[in-house]
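The next block is input.cif, given as mmCIF, C-alpha atoms; chains and numbers go by the auth columns.
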data_structure
#
loop_
_atom_site.group_PDB
_atom_site.id
_atom_site.type_symbol
_atom_site.label_atom_id
_atom_site.label_comp_id
_atom_site.label_asym_id
_atom_site.label_seq_id
_atom_site.Cartn_x
_atom_site.Cartn_y
_atom_site.Cartn_z
_atom_site.B_iso_or_equiv
_atom_site.auth_seq_id
_atom_site.auth_asym_id
ATOM 1 C CA VAL A 1 -3.492 -28.816 -29.826 0.00 1201 A
ATOM 2 C CA LEU A 2 -1.305 -28.156 -32.862 0.00 1202 A
ATOM 3 C CA ARG A 3 1.815 -28.306 -30.737 0.00 1203 A
ATOM 4 C CA SER A 4 0.732 -31.650 -29.287 0.00 1204 A
ATOM 5 C CA ILE A 5 0.246 -33.078 -32.781 0.00 1205 A
ATOM 6 C CA LEU A 6 3.599 -31.740 -33.963 0.00 1206 A
ATOM 7 C CA TRP A 7 5.292 -33.027 -30.817 0.00 1207 A
ATOM 8 C CA ALA A 8 3.881 -36.499 -31.449 0.00 1208 A
ATOM 9 C CA LEU A 9 5.163 -36.388 -35.027 0.00 1209 A
ATOM 10 C CA THR A 10 8.615 -34.907 -34.394 0.00 1210 A
ATOM 11 C CA ARG A 11 9.346 -36.117 -30.828 0.00 1211 A
ATOM 12 C CA ASP A 12 10.965 -32.699 -30.341 0.00 1212 A
ATOM 13 C CA LEU A 13 9.028 -30.391 -28.009 0.00 1213 A
ATOM 14 C CA LEU A 14 11.083 -27.271 -28.817 0.00 1214 A
ATOM 15 C CA LYS A 15 10.711 -27.736 -32.579 0.00 1215 A
ATOM 16 C CA ALA A 16 6.981 -28.468 -32.186 0.00 1216 A
ATOM 17 C CA THR A 17 6.587 -25.315 -30.073 0.00 1217 A
ATOM 18 C CA LEU A 18 8.462 -23.244 -32.678 0.00 1218 A
ATOM 19 C CA TRP A 19 6.270 -24.427 -35.545 0.00 1219 A
ATOM 20 C CA ALA A 20 3.051 -24.042 -33.574 0.00 1220 A
ATOM 21 C CA SER A 21 4.177 -20.586 -32.454 0.00 1221 A
ATOM 22 C CA ARG A 22 4.881 -19.502 -36.026 0.00 1222 A
ATOM 23 C CA VAL A 23 1.477 -20.756 -37.173 0.00 1223 A
ATOM 24 C CA GLY A 24 -0.151 -18.855 -34.295 0.00 1224 A
ATOM 25 C CA GLN A 25 1.786 -15.699 -35.112 0.00 1225 A
ATOM 26 C CA THR A 26 0.881 -15.966 -38.800 0.00 1226 A
ATOM 27 C CA ILE A 27 -2.820 -16.338 -37.993 0.00 1227 A
ATOM 28 C CA GLY A 28 -2.647 -13.533 -35.441 0.00 1228 A
ATOM 29 C CA TRP A 29 -0.896 -11.035 -37.712 0.00 1229 A
ATOM 30 C CA ALA A 30 -3.243 -11.956 -40.578 0.00 1230 A
ATOM 31 C CA MET A 31 -6.148 -11.068 -38.290 0.00 1231 A
ATOM 32 C CA VAL A 32 -4.451 -7.773 -37.410 0.00 1232 A
ATOM 33 C CA ILE A 33 -3.965 -6.878 -41.077 0.00 1233 A
ATOM 34 C CA TRP A 34 -7.553 -7.866 -41.855 0.00 1234 A
ATOM 35 C CA GLY A 35 -8.791 -5.754 -38.955 0.00 1235 A
ATOM 36 C CA VAL A 36 -6.724 -2.716 -40.007 0.00 1236 A
ATOM 37 C CA MET A 37 -7.870 -3.000 -43.620 0.00 1237 A
ATOM 38 C CA GLY A 38 -11.481 -3.319 -42.453 0.00 1238 A
ATOM 39 C CA VAL A 39 -11.249 -0.243 -40.226 0.00 1239 A
ATOM 40 C CA LEU A 40 -9.665 1.742 -43.056 0.00 1240 A
ATOM 41 C CA GLY A 41 -12.548 0.594 -45.249 0.00 1241 A
ATOM 42 C CA GLY A 42 -15.089 1.879 -42.750 0.00 1242 A
ATOM 43 C CA GLN A 43 -15.883 -1.367 -40.889 0.00 1243 A
ATOM 44 C CA THR A 44 -15.061 -0.148 -37.374 0.00 1244 A
ATOM 45 C CA GLY A 45 -16.369 -3.377 -35.854 0.00 1245 A
ATOM 46 C CA LEU A 46 -13.260 -5.164 -37.140 0.00 1246 A
ATOM 47 C CA ILE A 47 -11.051 -3.272 -34.689 0.00 1247 A
ATOM 48 C CA TRP A 48 -11.813 -5.975 -32.093 0.00 1248 A
ATOM 49 C CA PHE A 49 -10.928 -8.656 -34.621 0.00 1249 A
ATOM 50 C CA GLY A 50 -7.549 -6.995 -35.103 0.00 1250 A
ATOM 51 C CA LEU A 51 -6.971 -6.689 -31.348 0.00 1251 A
ATOM 52 C CA VAL A 52 -7.727 -10.383 -30.842 0.00 1252 A
ATOM 53 C CA GLY A 53 -5.251 -11.161 -33.634 0.00 1253 A
ATOM 54 C CA TRP A 54 -2.563 -9.071 -31.977 0.00 1254 A
ATOM 55 C CA PHE A 55 -3.249 -10.886 -28.681 0.00 1255 A
ATOM 56 C CA ILE A 56 -2.940 -14.300 -30.383 0.00 1256 A
ATOM 57 C CA ALA A 57 0.323 -13.318 -32.133 0.00 1257 A
ATOM 58 C CA SER A 58 1.818 -12.045 -28.862 0.00 1258 A
ATOM 59 C CA LEU A 59 0.854 -15.165 -26.924 0.00 1259 A
ATOM 60 C CA ALA A 60 2.237 -17.438 -29.644 0.00 1260 A
ATOM 61 C CA GLY A 61 5.616 -15.693 -29.554 0.00 1261 A
ATOM 62 C CA GLN A 62 5.682 -15.734 -25.768 0.00 1262 A
ATOM 63 C CA ALA A 63 4.927 -19.472 -25.681 0.00 1263 A
ATOM 64 C CA TYR A 64 8.004 -20.216 -27.754 0.00 1264 A
ATOM 65 C CA ARG A 65 10.265 -17.961 -25.670 0.00 1265 A
ATOM 66 C CA GLN A 66 9.058 -19.679 -22.490 0.00 1266 A
ATOM 67 C CA GLN A 67 9.765 -23.101 -23.978 0.00 1267 A
ATOM 68 C CA VAL A 68 13.269 -22.028 -25.004 0.00 1268 A
ATOM 69 C CA VAL A 69 13.993 -20.892 -21.438 0.00 1269 A
ATOM 70 C CA LYS A 70 12.527 -24.109 -20.044 0.00 1270 A
ATOM 71 C CA SER A 71 14.621 -26.285 -22.351 0.00 1271 A
ATOM 72 C CA ARG A 72 17.825 -24.386 -21.513 0.00 1272 A
ATOM 73 C CA LEU A 73 17.236 -24.815 -17.785 0.00 1273 A
ATOM 74 C CA GLU A 74 16.287 -28.475 -17.967 0.00 1274 A
ATOM 75 C CA GLY A 75 18.451 -30.557 -15.659 0.00 1275 A
ATOM 76 C CA VAL A 76 20.166 -27.530 -14.089 0.00 1276 A
ATOM 77 C CA ARG A 77 20.028 -27.400 -10.298 0.00 1277 A
ATOM 78 C CA VAL A 78 20.149 -24.341 -8.058 0.00 1278 A
ATOM 79 C CA ALA A 79 23.545 -25.541 -6.781 0.00 1279 A
ATOM 80 C CA ASP A 80 24.912 -25.144 -10.318 0.00 1280 A
ATOM 81 C CA VAL A 81 24.187 -21.404 -10.511 0.00 1281 A
ATOM 82 C CA MET A 82 24.284 -20.175 -6.913 0.00 1282 A
ATOM 83 C CA SER A 83 27.091 -18.200 -5.313 0.00 1283 A
ATOM 84 C CA ALA A 84 28.440 -20.623 -2.712 0.00 1284 A
ATOM 85 C CA ASP A 85 29.420 -19.690 0.840 0.00 1285 A
ATOM 86 C CA PRO A 86 27.902 -16.196 0.693 0.00 1286 A
ATOM 87 C CA GLU A 87 28.580 -13.434 3.137 0.00 1287 A
ATOM 88 C CA TYR A 88 25.870 -13.390 5.779 0.00 1288 A
ATOM 89 C CA VAL A 89 24.677 -11.158 8.595 0.00 1289 A
ATOM 90 C CA ASP A 90 24.479 -11.950 12.300 0.00 1290 A
ATOM 91 C CA GLY A 91 20.915 -11.109 13.306 0.00 1291 A
ATOM 92 C CA ASN A 92 22.141 -9.511 16.561 0.00 1292 A
ATOM 93 C CA LEU A 93 23.950 -6.689 14.749 0.00 1293 A
ATOM 94 C CA THR A 94 22.404 -3.264 15.190 0.00 1294 A
ATOM 95 C CA LEU A 95 21.363 -1.457 12.030 0.00 1295 A
ATOM 96 C CA ASP A 96 24.279 0.937 12.519 0.00 1296 A
ATOM 97 C CA GLN A 97 26.687 -2.014 12.569 0.00 1297 A
ATOM 98 C CA LEU A 98 24.905 -3.631 9.636 0.00 1298 A
ATOM 99 C CA ILE A 99 25.339 -0.510 7.523 0.00 1299 A
ATOM 100 C CA GLN A 100 28.997 -0.052 8.491 0.00 1300 A
ATOM 101 C CA LEU A 101 30.077 -3.693 8.154 0.00 1301 A
ATOM 102 C CA HIS A 102 28.039 -4.817 5.166 0.00 1302 A
ATOM 103 C CA PHE A 103 26.270 -2.181 3.114 0.00 1303 A
ATOM 104 C CA LEU A 104 28.883 0.605 3.058 0.00 1304 A
ATOM 105 C CA GLY A 105 31.439 -0.507 0.512 0.00 1305 A
ATOM 106 C CA GLY A 106 30.020 -4.024 0.481 0.00 1306 A
ATOM 107 C CA ARG A 107 29.487 -6.081 -2.654 0.00 1307 A
ATOM 108 C CA HIS A 108 25.817 -6.846 -2.131 0.00 1308 A
ATOM 109 C CA SER A 109 22.509 -5.073 -1.638 0.00 1309 A
ATOM 110 C CA ARG A 110 20.986 -7.904 0.425 0.00 1310 A
ATOM 111 C CA TYR A 111 22.293 -10.555 2.805 0.00 1311 A
ATOM 112 C CA PRO A 112 21.086 -13.792 4.399 0.00 1312 A
ATOM 113 C CA VAL A 113 20.526 -13.397 8.137 0.00 1313 A
ATOM 114 C CA ILE A 114 21.576 -16.042 10.664 0.00 1314 A
ATOM 115 C CA TYR A 115 20.069 -15.844 14.147 0.00 1315 A
ATOM 116 C CA ASP A 116 20.575 -18.397 16.930 0.00 1316 A
ATOM 117 C CA GLY A 117 22.357 -20.645 14.447 0.00 1317 A
ATOM 118 C CA ALA A 118 19.468 -20.780 11.968 0.00 1318 A
ATOM 119 C CA ILE A 119 18.630 -19.066 8.689 0.00 1319 A
ATOM 120 C CA VAL A 120 15.849 -16.582 9.447 0.00 1320 A
ATOM 121 C CA GLY A 121 15.559 -14.576 6.235 0.00 1321 A
ATOM 122 C CA LEU A 122 17.029 -11.903 4.011 0.00 1322 A
ATOM 123 C CA VAL A 123 17.821 -8.288 4.876 0.00 1323 A
ATOM 124 C CA SER A 124 18.171 -5.536 2.294 0.00 1324 A
ATOM 125 C CA LEU A 125 19.048 -1.850 2.330 0.00 1325 A
ATOM 126 C CA PRO A 126 15.396 -0.800 1.794 0.00 1326 A
ATOM 127 C CA ASP A 127 14.491 -2.842 4.910 0.00 1327 A
ATOM 128 C CA VAL A 128 16.951 -0.767 6.924 0.00 1328 A
ATOM 129 C CA LYS A 129 15.845 2.538 5.413 0.00 1329 A
ATOM 130 C CA ARG A 130 12.283 1.956 6.593 0.00 1330 A
ATOM 131 C CA VAL A 131 13.538 2.498 10.142 0.00 1331 A
ATOM 132 C CA ASP A 132 14.127 6.049 11.322 0.00 1332 A
ATOM 133 C CA ARG A 133 17.872 6.856 11.337 0.00 1333 A
ATOM 134 C CA SER A 134 17.784 7.772 15.019 0.00 1334 A
ATOM 135 C CA GLU A 135 16.650 4.223 15.852 0.00 1335 A
ATOM 136 C CA TRP A 136 19.483 2.429 14.051 0.00 1336 A
ATOM 137 C CA PRO A 137 21.720 2.029 17.141 0.00 1337 A
ATOM 138 C CA PHE A 138 18.897 0.233 18.975 0.00 1338 A
ATOM 139 C CA VAL A 139 17.228 -1.909 16.300 0.00 1339 A
ATOM 140 C CA ARG A 140 18.769 -5.268 15.373 0.00 1340 A
ATOM 141 C CA ALA A 141 19.132 -6.699 11.890 0.00 1341 A
ATOM 142 C CA VAL A 142 16.816 -9.590 12.784 0.00 1342 A
ATOM 143 C CA ASP A 143 14.060 -7.076 13.615 0.00 1343 A
ATOM 144 C CA VAL A 144 13.884 -5.756 10.044 0.00 1344 A
ATOM 145 C CA THR A 145 14.668 -8.997 8.215 0.00 1345 A
ATOM 146 C CA ASN A 146 12.231 -10.353 5.659 0.00 1346 A
ATOM 147 C CA ARG A 147 11.407 -13.648 7.372 0.00 1347 A
ATOM 148 C CA ASP A 148 9.249 -15.193 4.675 0.00 1348 A
ATOM 149 C CA ILE A 149 11.266 -18.421 4.766 0.00 1349 A
ATOM 150 C CA LYS A 150 8.887 -20.277 2.478 0.00 1350 A
ATOM 151 C CA GLY A 151 9.303 -17.639 -0.223 0.00 1351 A
ATOM 152 C CA LEU A 152 13.016 -16.965 0.340 0.00 1352 A
ATOM 153 C CA VAL A 153 14.735 -20.293 1.001 0.00 1353 A
ATOM 154 C CA VAL A 154 15.221 -23.014 -1.614 0.00 1354 A
ATOM 155 C CA SER A 155 17.046 -26.319 -1.620 0.00 1355 A
ATOM 156 C CA SER A 156 20.347 -26.570 -3.451 0.00 1356 A
ATOM 157 C CA ASP A 157 18.944 -29.625 -5.266 0.00 1357 A
ATOM 158 C CA ALA A 158 15.858 -27.795 -6.582 0.00 1358 A
ATOM 159 C CA PRO A 159 15.635 -27.351 -10.372 0.00 1359 A
ATOM 160 C CA VAL A 160 16.406 -23.786 -11.468 0.00 1360 A
ATOM 161 C CA GLU A 161 13.188 -23.739 -13.472 0.00 1361 A
ATOM 162 C CA SER A 162 11.169 -24.073 -10.243 0.00 1362 A
ATOM 163 C CA ILE A 163 12.605 -20.905 -8.685 0.00 1363 A
ATOM 164 C CA ILE A 164 11.899 -18.524 -11.575 0.00 1364 A
ATOM 165 C CA PRO A 165 8.429 -17.550 -10.239 0.00 1365 A
ATOM 166 C CA MET A 166 10.054 -16.834 -6.855 0.00 1366 A
ATOM 167 C CA LEU A 167 12.417 -14.309 -8.475 0.00 1367 A
ATOM 168 C CA ALA A 168 9.872 -12.698 -10.774 0.00 1368 A
ATOM 169 C CA GLY A 169 8.083 -9.368 -10.530 0.00 1369 A
ATOM 170 C CA ASP A 170 8.457 -7.230 -7.420 0.00 1370 A
ATOM 171 C CA ARG A 171 9.652 -10.102 -5.224 0.00 1371 A
ATOM 172 C CA PRO A 172 13.154 -9.998 -3.737 0.00 1372 A
ATOM 173 C CA GLY A 173 15.661 -10.571 -6.504 0.00 1373 A
ATOM 174 C CA ALA A 174 17.560 -13.160 -4.483 0.00 1374 A
ATOM 175 C CA LEU A 175 16.918 -16.450 -2.722 0.00 1375 A
ATOM 176 C CA ILE A 176 18.781 -18.148 0.106 0.00 1376 A
ATOM 177 C CA VAL A 177 19.997 -21.630 -0.787 0.00 1377 A
ATOM 178 C CA SER A 178 20.080 -24.267 1.926 0.00 1378 A
ATOM 179 C CA ARG A 179 21.609 -27.720 2.105 0.00 1379 A
ATOM 180 C CA ALA A 180 20.610 -29.979 4.997 0.00 1380 A
ATOM 181 C CA GLY A 181 19.200 -26.935 6.811 0.00 1381 A
ATOM 182 C CA ARG A 182 22.419 -24.943 6.564 0.00 1382 A
ATOM 183 C CA LEU A 183 23.278 -21.882 4.491 0.00 1383 A
ATOM 184 C CA ALA A 184 24.858 -23.123 1.251 0.00 1384 A
ATOM 185 C CA GLY A 185 24.641 -20.107 -1.034 0.00 1385 A
ATOM 186 C CA ILE A 186 22.557 -17.375 -2.559 0.00 1386 A
ATOM 187 C CA VAL A 187 21.027 -17.266 -6.034 0.00 1387 A
ATOM 188 C CA THR A 188 19.897 -14.064 -7.714 0.00 1388 A
ATOM 189 C CA ARG A 189 17.757 -13.129 -10.685 0.00 1389 A
ATOM 190 C CA ALA A 190 20.974 -12.063 -12.444 0.00 1390 A
ATOM 191 C CA ASP A 191 22.467 -15.546 -11.925 0.00 1391 A
ATOM 192 C CA VAL A 192 19.522 -17.168 -13.718 0.00 1392 A
ATOM 193 C CA LEU A 193 19.541 -14.605 -16.542 0.00 1393 A
ATOM 194 C CA SER A 194 23.276 -15.093 -16.983 0.00 1394 A
ATOM 195 C CA LEU A 195 22.765 -18.849 -17.274 0.00 1395 A
ATOM 196 C CA ILE A 196 20.076 -18.427 -19.930 0.00 1396 A
ATOM 197 C CA GLU A 197 22.205 -15.985 -21.932 0.00 1397 A
ATOM 198 C CA SER A 198 25.292 -18.200 -21.732 0.00 1398 A
ATOM 199 C CA GLN A 199 23.385 -21.108 -23.239 0.00 1399 A
#
Translate the structure described by the file into C-alpha cells.
Amino acid sequence: VLRSILWALTRDLLKATLWASRVGQTIGWAMVIWGVMGVLGGQTGLIWFGLVGWFIASLAGQAYRQQVVKSRLEGVRVADVMSADPEYVDGNLTLDQLIQLHFLGGRHSRYPVIYDGAIVGLVSLPDVKRVDRSEWPFVRAVDVTNRDIKGLVVSSDAPVESIIPMLAGDRPGALIVSRAGRLAGIVTRADVLSLIESQ
C-alpha cells in the first residue's frame, strides 16, 4: 500500500519500492530489537514478535532486489542474451557417440536435441549417466533426452523476465530458444545473471 502511494506521488516505481522497502526494513528491525530486549528482560513471549519483525525486514529487502532485477530486464528479449546458432545433438546418436563427439572435451554440459528435423528437448551429462555404461552403444540420445518442451523451449521474442522462473531452482539451467519453430539459440542461467550484473 505504501509503495502504491509513493509510486503515485513520484511516478517512479523503483524509487517508490526503495522507500517502501526501507520503511519496511526499519519497522522490521525495530520489532526485532524490541523482541530481543523483551526476551532479555524476561518477556519470552516477545520472541515471536522479534521473529515476525525479522520476517518483515527480510521480505522488504527482497521486494526491492526483485524490483531492481525487473527494472534492469525491462524491454530485454531472450534474443538479446541467448547464444545464437548453438551446437546441437542429432537424436539418432548412440550415447557412446554422444559422449565422444560432444561431452568429452566439449564446451557445454547440455545440448539441444534435434530428431526428425524438429527440436525434441535437451540432453545433459546426468541424463546419460543414468543409463548403465554397458547400454551406451545401444541407447540413442533421443531416448534419454528431457522432452519437456513446454518447460524447455522459449521464443526468441519472449521477455527475459518471463523466463527467470523457468531457470530457477533445480530446473535445468538452460532453455532452448526457437524462432518460427526452428532452433535459434540457447539461453542459460549464467547468461541472465551476466546481463543483470552488467547493468
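Distance annotation: of A:Gly1373, A:Pro1337, A:Gly1235, A:Gly1228, the residue with the minimal separation from Asp1296 of chain A is A:Pro1337; atom set is only C-alpha atoms.
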Can you list what the PyMOL selection byres ((chain A and resi 1253-1260) around 7) grabs from this structure, as a compact mmCIF listing (two decimals) with C-alpha atoms, in the frame of the given file?
# COMPACT_ATOMS: atom_id res chain seq x y z
CA SER A 1221 4.18 -20.59 -32.45
CA GLY A 1224 -0.15 -18.86 -34.30
CA GLN A 1225 1.79 -15.70 -35.11
CA GLY A 1228 -2.65 -13.53 -35.44
CA TRP A 1229 -0.90 -11.04 -37.71
CA MET A 1231 -6.15 -11.07 -38.29
CA VAL A 1232 -4.45 -7.77 -37.41
CA PHE A 1249 -10.93 -8.66 -34.62
CA GLY A 1250 -7.55 -7.00 -35.10
CA LEU A 1251 -6.97 -6.69 -31.35
CA VAL A 1252 -7.73 -10.38 -30.84
CA GLY A 1261 5.62 -15.69 -29.55
CA GLN A 1262 5.68 -15.73 -25.77
CA ALA A 1263 4.93 -19.47 -25.68
CA TYR A 1264 8.00 -20.22 -27.75
Q: Rank A:Ile1364, A:Thr1345, A:Val1339, A:Trp1219 by their smallest atom-to-atom distance to Leu1325 of chain A, using only C-alpha atoms, and report the top residue only.
A: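 Of the candidates, the smallest distance to Leu1325 of chain A is held by A:Thr1345.
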Q) Expanded to explicit residues, what is the PyMOL selection byres ((chain A and resi 1291) around 6) for this file, as a VMD selection string? A) chain A and resid 1290 1292 to 1293 1313 to 1315 1341 to 1342
Q. Evaluating the PyMOL selection byres ((chain A and resi 1381) around 10) on the displayed file yields which residues, as JSON, numbers by chain?
A. {"A": [1318, 1319, 1353, 1355, 1377, 1378, 1379, 1380, 1382, 1383, 1384]}
Store the residues picked out above, limited to C-alpha atoms, as a short mmCIF file (atom, residue, chain, number, x, y, z; two decimals), keeping the file's coordinate frame.
data_model
loop_
_atom_site.label_atom_id
_atom_site.label_comp_id
_atom_site.auth_asym_id
_atom_site.auth_seq_id
_atom_site.Cartn_x
_atom_site.Cartn_y
_atom_site.Cartn_z
CA ALA A 1318 19.47 -20.78 11.97
CA ILE A 1319 18.63 -19.07 8.69
CA VAL A 1353 14.74 -20.29 1.00
CA SER A 1355 17.05 -26.32 -1.62
CA VAL A 1377 20.00 -21.63 -0.79
CA SER A 1378 20.08 -24.27 1.93
CA ARG A 1379 21.61 -27.72 2.10
CA ALA A 1380 20.61 -29.98 5.00
CA ARG A 1382 22.42 -24.94 6.56
CA LEU A 1383 23.28 -21.88 4.49
CA ALA A 1384 24.86 -23.12 1.25
#
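The closest residue to Ser1309 of chain A, picked from A:Ala1208, A:Val1201, A:Ile1227, A:Ala1374 and counting only C-alpha atoms, is A:Ala1374.
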Q. What is the atom CA of His1308 of chain A-atom CA of Val1344 of chain A distance in Å, reported with one decimal?
A.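 So the two atoms, atom CA of His1308 of chain A and atom CA of Val1344 of chain A, lie 17.1 Å apart.
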List the residues sitting within 12 Å of (18.5, -10.7, -4.4) in the file's frame, using only C-alpha atoms, as an mmCIF file with C-alpha atoms, keeping the file's coordinate frame.
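Saved the output as point-v8.cif:
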data_model
loop_
_atom_site.group_PDB
_atom_site.id
_atom_site.type_symbol
_atom_site.label_atom_id
_atom_site.label_comp_id
_atom_site.auth_asym_id
_atom_site.auth_seq_id
_atom_site.Cartn_x
_atom_site.Cartn_y
_atom_site.Cartn_z
ATOM 1 C CA MET A 1282 24.284 -20.175 -6.913
ATOM 2 C CA SER A 1283 27.091 -18.200 -5.313
ATOM 3 C CA HIS A 1308 25.817 -6.846 -2.131
ATOM 4 C CA SER A 1309 22.509 -5.073 -1.638
ATOM 5 C CA ARG A 1310 20.986 -7.904 0.425
ATOM 6 C CA TYR A 1311 22.293 -10.555 2.805
ATOM 7 C CA PRO A 1312 21.086 -13.792 4.399
ATOM 8 C CA GLY A 1321 15.559 -14.576 6.235
ATOM 9 C CA LEU A 1322 17.029 -11.903 4.011
ATOM 10 C CA VAL A 1323 17.821 -8.288 4.876
ATOM 11 C CA SER A 1324 18.171 -5.536 2.294
ATOM 12 C CA LEU A 1325 19.048 -1.850 2.330
ATOM 13 C CA ASN A 1346 12.231 -10.353 5.659
ATOM 14 C CA LEU A 1352 13.016 -16.965 0.340
ATOM 15 C CA VAL A 1353 14.735 -20.293 1.001
ATOM 16 C CA MET A 1366 10.054 -16.834 -6.855
ATOM 17 C CA LEU A 1367 12.417 -14.309 -8.475
ATOM 18 C CA ALA A 1368 9.872 -12.698 -10.774
ATOM 19 C CA ASP A 1370 8.457 -7.230 -7.420
ATOM 20 C CA ARG A 1371 9.652 -10.102 -5.224
ATOM 21 C CA PRO A 1372 13.154 -9.998 -3.737
ATOM 22 C CA GLY A 1373 15.661 -10.571 -6.504
ATOM 23 C CA ALA A 1374 17.560 -13.160 -4.483
ATOM 24 C CA LEU A 1375 16.918 -16.450 -2.722
ATOM 25 C CA ILE A 1376 18.781 -18.148 0.106
ATOM 26 C CA VAL A 1377 19.997 -21.630 -0.787
ATOM 27 C CA GLY A 1385 24.641 -20.107 -1.034
ATOM 28 C CA ILE A 1386 22.557 -17.375 -2.559
ATOM 29 C CA VAL A 1387 21.027 -17.266 -6.034
ATOM 30 C CA THR A 1388 19.897 -14.064 -7.714
ATOM 31 C CA ARG A 1389 17.757 -13.129 -10.685
ATOM 32 C CA ALA A 1390 20.974 -12.063 -12.444
ATOM 33 C CA ASP A 1391 22.467 -15.546 -11.925
ATOM 34 C CA VAL A 1392 19.522 -17.168 -13.718
#
Q: Quote the spacing between atom CA of Val1278 of chain A and atom CA of Ser1362 of chain A in Å to one decimal place.
A: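 Answer for the atom CA of Val1278 of chain A to atom CA of Ser1362 of chain A separation: 9.2 Å.
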Q: May I ask for the distance between atom CA of Val1331 of chain A and atom CA of Leu1295 of chain A, given in Å to one decimal place?
A: 9.0 Å
Q) Pick from A:Leu1273, A:Val1239, A:Lys1215, A:Arg1265: nearest to Ser1394 of chain A, with only C-alpha atoms counted? A)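 Smallest separation from Ser1394 of chain A among the options: A:Leu1273.
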Output requested as a PDB file, keeping the file's coordinate frame - segment 1380-1392 of chain A, filled out with N, CA, C and O atoms.
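File written: out_38.pdb
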ATOM      1  N   ALA A1380      20.735 -29.312   3.689  1.00  0.00           N
ATOM      2  CA  ALA A1380      20.610 -29.979   4.997  1.00  0.00           C
ATOM      3  C   ALA A1380      20.363 -28.956   6.111  1.00  0.00           C
ATOM      4  O   ALA A1380      20.905 -29.068   7.211  1.00  0.00           O
ATOM      5  N   GLY A1381      19.565 -27.933   5.809  1.00  0.00           N
ATOM      6  CA  GLY A1381      19.200 -26.935   6.811  1.00  0.00           C
ATOM      7  C   GLY A1381      20.237 -25.867   7.066  1.00  0.00           C
ATOM      8  O   GLY A1381      20.038 -24.984   7.898  1.00  0.00           O
ATOM      9  N   ARG A1382      21.354 -25.926   6.362  1.00  0.00           N
ATOM     10  CA  ARG A1382      22.419 -24.943   6.564  1.00  0.00           C
ATOM     11  C   ARG A1382      22.552 -24.039   5.342  1.00  0.00           C
ATOM     12  O   ARG A1382      22.237 -24.435   4.222  1.00  0.00           O
ATOM     13  N   LEU A1383      23.065 -22.841   5.571  1.00  0.00           N
ATOM     14  CA  LEU A1383      23.278 -21.882   4.491  1.00  0.00           C
ATOM     15  C   LEU A1383      24.323 -22.421   3.525  1.00  0.00           C
ATOM     16  O   LEU A1383      25.452 -22.715   3.905  1.00  0.00           O
ATOM     17  N   ALA A1384      23.935 -22.587   2.257  1.00  0.00           N
ATOM     18  CA  ALA A1384      24.858 -23.123   1.251  1.00  0.00           C
ATOM     19  C   ALA A1384      25.237 -22.079   0.207  1.00  0.00           C
ATOM     20  O   ALA A1384      26.289 -22.161  -0.418  1.00  0.00           O
ATOM     21  N   GLY A1385      24.351 -21.096  -0.009  1.00  0.00           N
ATOM     22  CA  GLY A1385      24.641 -20.107  -1.034  1.00  0.00           C
ATOM     23  C   GLY A1385      23.503 -19.130  -1.202  1.00  0.00           C
ATOM     24  O   GLY A1385      22.542 -19.118  -0.426  1.00  0.00           O
ATOM     25  N   ILE A1386      23.614 -18.326  -2.221  1.00  0.00           N
ATOM     26  CA  ILE A1386      22.557 -17.375  -2.559  1.00  0.00           C
ATOM     27  C   ILE A1386      22.457 -17.353  -4.085  1.00  0.00           C
ATOM     28  O   ILE A1386      23.465 -17.438  -4.783  1.00  0.00           O
ATOM     29  N   VAL A1387      21.231 -17.309  -4.584  1.00  0.00           N
ATOM     30  CA  VAL A1387      21.027 -17.266  -6.034  1.00  0.00           C
ATOM     31  C   VAL A1387      20.183 -16.044  -6.357  1.00  0.00           C
ATOM     32  O   VAL A1387      19.205 -15.754  -5.654  1.00  0.00           O
ATOM     33  N   THR A1388      20.584 -15.304  -7.369  1.00  0.00           N
ATOM     34  CA  THR A1388      19.897 -14.064  -7.714  1.00  0.00           C
ATOM     35  C   THR A1388      19.253 -14.169  -9.091  1.00  0.00           C
ATOM     36  O   THR A1388      19.554 -15.080  -9.871  1.00  0.00           O
ATOM     37  N   ARG A1389      18.385 -13.217  -9.364  1.00  0.00           N
ATOM     38  CA  ARG A1389      17.757 -13.129 -10.685  1.00  0.00           C
ATOM     39  C   ARG A1389      18.832 -13.006 -11.772  1.00  0.00           C
ATOM     40  O   ARG A1389      18.741 -13.605 -12.837  1.00  0.00           O
ATOM     41  N   ALA A1390      19.886 -12.254 -11.477  1.00  0.00           N
ATOM     42  CA  ALA A1390      20.974 -12.063 -12.444  1.00  0.00           C
ATOM     43  C   ALA A1390      21.695 -13.376 -12.734  1.00  0.00           C
ATOM     44  O   ALA A1390      22.128 -13.615 -13.863  1.00  0.00           O
ATOM     45  N   ASP A1391      21.819 -14.249 -11.718  1.00  0.00           N
ATOM     46  CA  ASP A1391      22.467 -15.546 -11.925  1.00  0.00           C
ATOM     47  C   ASP A1391      21.694 -16.376 -12.947  1.00  0.00           C
ATOM     48  O   ASP A1391      22.287 -17.010 -13.827  1.00  0.00           O
ATOM     49  N   VAL A1392      20.364 -16.379 -12.814  1.00  0.00           N
ATOM     50  CA  VAL A1392      19.522 -17.168 -13.718  1.00  0.00           C
ATOM     51  C   VAL A1392      19.563 -16.582 -15.122  1.00  0.00           C
ATOM     52  O   VAL A1392      19.695 -17.305 -16.114  1.00  0.00           O
TER      53      VAL A1392
END
